[in-house]
file data-v9.csv (CSV, C-alpha atoms)
chain,number,residue,atom,x,y,z
U,1,ILE,CA,1.9,25.7,-29.3
U,2,VAL,CA,1.0,23.1,-26.7
U,3,LYS,CA,0.7,19.4,-27.5
U,4,ALA,CA,-1.0,16.8,-25.3
U,5,THR,CA,1.3,13.9,-24.6
U,6,GLY,CA,-0.6,11.9,-22.1
U,7,LYS,CA,-4.0,11.7,-20.4
U,8,ASN,CA,-3.7,14.9,-18.4
U,9,SER,CA,-0.2,16.3,-19.1
U,10,LEU,CA,0.5,19.1,-21.5
U,11,SER,CA,3.9,20.0,-22.7
U,12,PRO,CA,5.1,22.8,-25.0
U,13,THR,CA,6.2,21.7,-28.4
U,14,PRO,CA,8.6,23.6,-30.7
U,15,PRO,CA,7.0,25.9,-33.3
U,16,PRO,CA,6.9,24.5,-36.8
U,17,LEU,CA,10.0,25.3,-38.8
U,18,SER,CA,10.3,26.3,-42.5
U,19,ARG,CA,12.5,24.3,-44.9
U,20,THR,CA,15.5,26.5,-44.5
U,21,SER,CA,15.3,26.7,-40.7
U,22,ARG,CA,14.9,22.9,-40.5
U,23,SER,CA,18.2,22.4,-42.2
U,24,LEU,CA,19.8,24.8,-39.7
U,25,THR,CA,18.1,23.3,-36.7
U,26,GLN,CA,19.7,20.3,-35.0
U,27,ALA,CA,17.5,18.6,-32.4
U,28,ARG,CA,18.8,16.4,-29.6
U,29,ILE,CA,16.6,14.3,-27.4
U,30,SER,CA,18.0,13.3,-24.0
U,31,ASN,CA,15.9,11.6,-21.3
U,32,SER,CA,13.0,14.1,-20.8
U,33,THR,CA,14.5,17.3,-22.3
U,34,LEU,CA,14.3,18.3,-25.9
U,35,THR,CA,17.0,20.9,-26.9
U,36,SER,CA,16.7,22.7,-30.2
U,37,SER,CA,19.8,24.6,-31.4
U,38,THR,CA,19.5,27.3,-34.0
U,39,LYS,CA,21.6,30.2,-35.1
U,40,ARG,CA,19.7,32.4,-32.6
U,41,GLY,CA,20.4,30.2,-29.6
U,42,ALA,CA,19.2,27.2,-27.7
U,43,LYS,CA,15.7,26.7,-26.5
U,44,LYS,CA,14.6,23.9,-24.1
U,45,TRP,CA,11.3,22.2,-23.8
U,46,THR,CA,10.8,19.8,-20.9
U,47,LYS,CA,8.3,17.1,-20.6
U,48,LYS,CA,6.2,17.2,-17.5
U,49,SER,CA,6.3,14.0,-15.5
U,50,PRO,CA,2.9,12.2,-15.4
U,51,ARG,CA,1.0,12.7,-12.2
U,52,LYS,CA,1.2,9.8,-9.8
U,53,LYS,CA,-2.1,8.5,-8.6
U,54,GLN,CA,-2.7,8.0,-4.9
U,55,ARG,CA,-2.7,4.3,-3.9
U,56,ASN,CA,-5.8,3.0,-2.3
U,57,LEU,CA,-5.1,0.9,0.8
U,58,HIS,CA,-8.5,-0.8,0.5
U,59,THR,CA,-10.3,-1.9,-2.6
U,60,ASP,CA,-13.6,-3.6,-3.3
U,61,HIS,CA,-12.3,-5.0,-6.6
U,62,PRO,CA,-9.0,-6.6,-5.9
U,63,ASP,CA,-6.8,-8.3,-8.5
U,64,PRO,CA,-7.7,-12.1,-8.6
U,65,GLN,CA,-4.0,-12.9,-8.9
U,66,SER,CA,-3.2,-11.1,-5.7
U,67,GLN,CA,-5.9,-13.1,-3.9
U,68,ASN,CA,-4.3,-16.3,-5.1
U,69,ARG,CA,-0.9,-15.1,-4.0
U,70,LEU,CA,-2.2,-14.3,-0.6
U,71,ASP,CA,-3.9,-17.7,-0.3
U,72,VAL,CA,-0.6,-19.4,-1.2
U,73,SER,CA,1.3,-17.3,1.3
U,74,ILE,CA,-1.2,-18.1,4.1
U,75,ALA,CA,-1.0,-21.8,3.2
U,76,ASP,CA,2.8,-21.7,3.1
U,77,PHE,CA,2.9,-20.0,6.5
U,78,ILE,CA,0.6,-22.5,8.1
U,79,ILE,CA,2.2,-25.6,6.6
U,80,SER,CA,5.8,-24.5,7.1
U,81,ASN,CA,5.2,-23.7,10.8
U,82,SER,CA,3.2,-26.9,11.5
U,83,LEU,CA,0.1,-24.9,12.5
U,84,PRO,CA,-3.4,-26.4,12.4
U,85,PHE,CA,-5.3,-26.0,9.1
U,86,ASN,CA,-8.4,-24.7,10.9
U,87,LEU,CA,-6.4,-21.6,11.9
U,88,THR,CA,-7.9,-19.9,8.9
U,89,CYS,CA,-11.4,-20.2,10.5
U,90,ASP,CA,-10.3,-18.6,13.7
U,91,SER,CA,-11.9,-15.2,14.4
U,92,LYS,CA,-8.6,-13.7,15.6
U,93,PHE,CA,-6.9,-14.8,12.4
U,94,LEU,CA,-9.7,-13.3,10.3
U,95,ALA,CA,-9.5,-10.0,12.3
U,96,MET,CA,-5.8,-9.9,11.7
U,97,ILE,CA,-6.3,-10.2,7.9
U,98,LYS,CA,-8.9,-7.5,8.0
U,99,ASN,CA,-6.6,-5.2,9.9
U,100,ALA,CA,-3.8,-5.9,7.5
U,101,ARG,CA,-5.8,-4.2,4.7
U,102,PHE,CA,-5.4,-0.8,6.2
U,103,VAL,CA,-1.7,-0.6,6.9
U,104,PRO,CA,0.7,1.0,4.4
U,105,VAL,CA,3.1,-1.1,2.2
U,106,THR,CA,6.0,0.0,4.4
U,107,TYR,CA,4.5,-1.8,7.5
U,108,VAL,CA,7.1,-3.9,9.4
U,109,PRO,CA,5.7,-6.7,11.7
U,110,PRO,CA,6.6,-6.6,15.3
U,111,SER,CA,9.8,-8.3,16.4
U,112,ARG,CA,9.8,-11.3,18.7
U,113,LYS,CA,10.9,-9.1,21.6
U,114,ASP,CA,8.0,-6.7,21.0
U,115,ILE,CA,5.6,-9.7,20.9
U,116,GLY,CA,7.0,-11.2,24.1
U,117,GLY,CA,7.3,-7.8,25.8
U,118,ARG,CA,5.0,-4.8,25.3
U,119,LEU,CA,2.4,-6.6,23.0
U,120,LEU,CA,2.1,-9.5,25.5
U,121,ILE,CA,1.4,-7.0,28.3
U,122,GLU,CA,-1.0,-5.0,26.2
U,123,ASN,CA,-2.9,-8.2,25.2
U,124,TYR,CA,-3.0,-9.4,28.8
U,125,ASN,CA,-4.5,-6.0,29.9
U,126,ILE,CA,-7.1,-6.0,27.2
U,127,HIS,CA,-8.1,-9.7,28.0
U,128,MET,CA,-8.3,-9.0,31.7
U,129,THR,CA,-10.4,-5.9,31.2
U,130,GLU,CA,-12.9,-7.7,28.9
U,131,THR,CA,-13.1,-10.8,31.2
U,132,THR,CA,-13.6,-8.8,34.3
U,133,SER,CA,-16.3,-6.7,32.8
U,134,LYS,CA,-18.1,-9.9,31.6
U,135,LEU,CA,-17.7,-11.5,35.0
U,136,LEU,CA,-19.1,-8.5,36.9
U,137,GLN,CA,-22.1,-8.1,34.5
U,138,ASP,CA,-23.9,-11.0,36.2
U,139,ALA,CA,-22.2,-10.8,39.6
U,140,GLU,CA,-25.3,-9.4,41.4
U,141,LEU,CA,-27.5,-12.1,40.0
U,142,PHE,CA,-25.2,-15.2,40.6
U,143,GLY,CA,-22.6,-13.9,43.0
U,144,LEU,CA,-18.8,-14.4,43.0
U,145,THR,CA,-16.7,-16.9,44.8
U,146,ALA,CA,-12.9,-17.0,44.9
U,147,MET,CA,-11.3,-20.4,45.5
U,148,GLY,CA,-7.7,-21.0,46.1

call {"tool": "encode", "arguments": {"input": "data-v9.csv", "output": "structure tokens"}}
result
Amino acid sequence: IVKATGKNSLSPTPPPLSRTSRSLTQARISNSTLTSSTKRGAKKWTKKSPRKKQRNLHTDHPDPQSQNRLDVSIADFIISNSLPFNLTCDSKFLAMIKNARFVPVTYVPPSRKDIGGRLLIENYNIHMTETTSKLLQDAELFGLTAMG
């Protein structure tokens, strides 16, 4: 006999007992195992653990309380580090928040050494590549002059 215990989990249940076998049967429940002892021997029925759902890293319908907690965290960060309040309107800040949606919960921010080292060099290279390509776009039309 199988009994449904949850949404999608099925676990075997012990067969129904007559009056005489009920008096001879002693049932013990411990954690997730049911043990039935009779004169014939012991039988075990184990509960299946419920299936864990995969966590979505991005959702279109977030919890309103989590939005409020994020707002308070951002405000606390800006106020406690004496940053300008208009930082929240900055396109780079908004891009950072959008990118943060897609990292796992186990994400660890870069250390100060990483920011001052490899990430500074990477950021410089990206900025120089973008600036040089924009500058060279109109170089034939306007020309280039180096001073200094």

call {"tool": "residues_around", "arguments": {"input": "data-v9.csv", "residues": "segment 62-75 of chain U", "least_positions_apart": "5", "cutoff": "12 Å", "atoms": "all atoms listed in the file", "output": "number ranges by chain"}}
result
U: 56-57, 80-88, 93-94, 97, 100-101

call {"tool": "atom_distance", "arguments": {"input": "data-v9.csv", "atom1": "atom CA of Ser91 of chain U", "atom2": "atom CA of Tyr107 of chain U"}}
result
22.3 Å

call {"tool": "atom_distance", "arguments": {"input": "data-v9.csv", "atom1": "atom CA of Leu144 of chain U", "atom2": "atom CA of Thr132 of chain U"}}
result
11.6 Å

call {"tool": "residues_around", "arguments": {"input": "data-v9.csv", "residues": "Pro109 of chain U", "least_positions_apart": "5", "cutoff": "12 Å", "atoms": "all atoms listed in the file", "output": "ChimeraX atom specification"}}
result
/U:96,100,103-104,114-115,119

call {"tool": "atom_distance", "arguments": {"input": "data-v9.csv", "atom1": "atom CA of Pro110 of chain U", "atom2": "atom CA of Ile126 of chain U"}}
result
18.2 Å
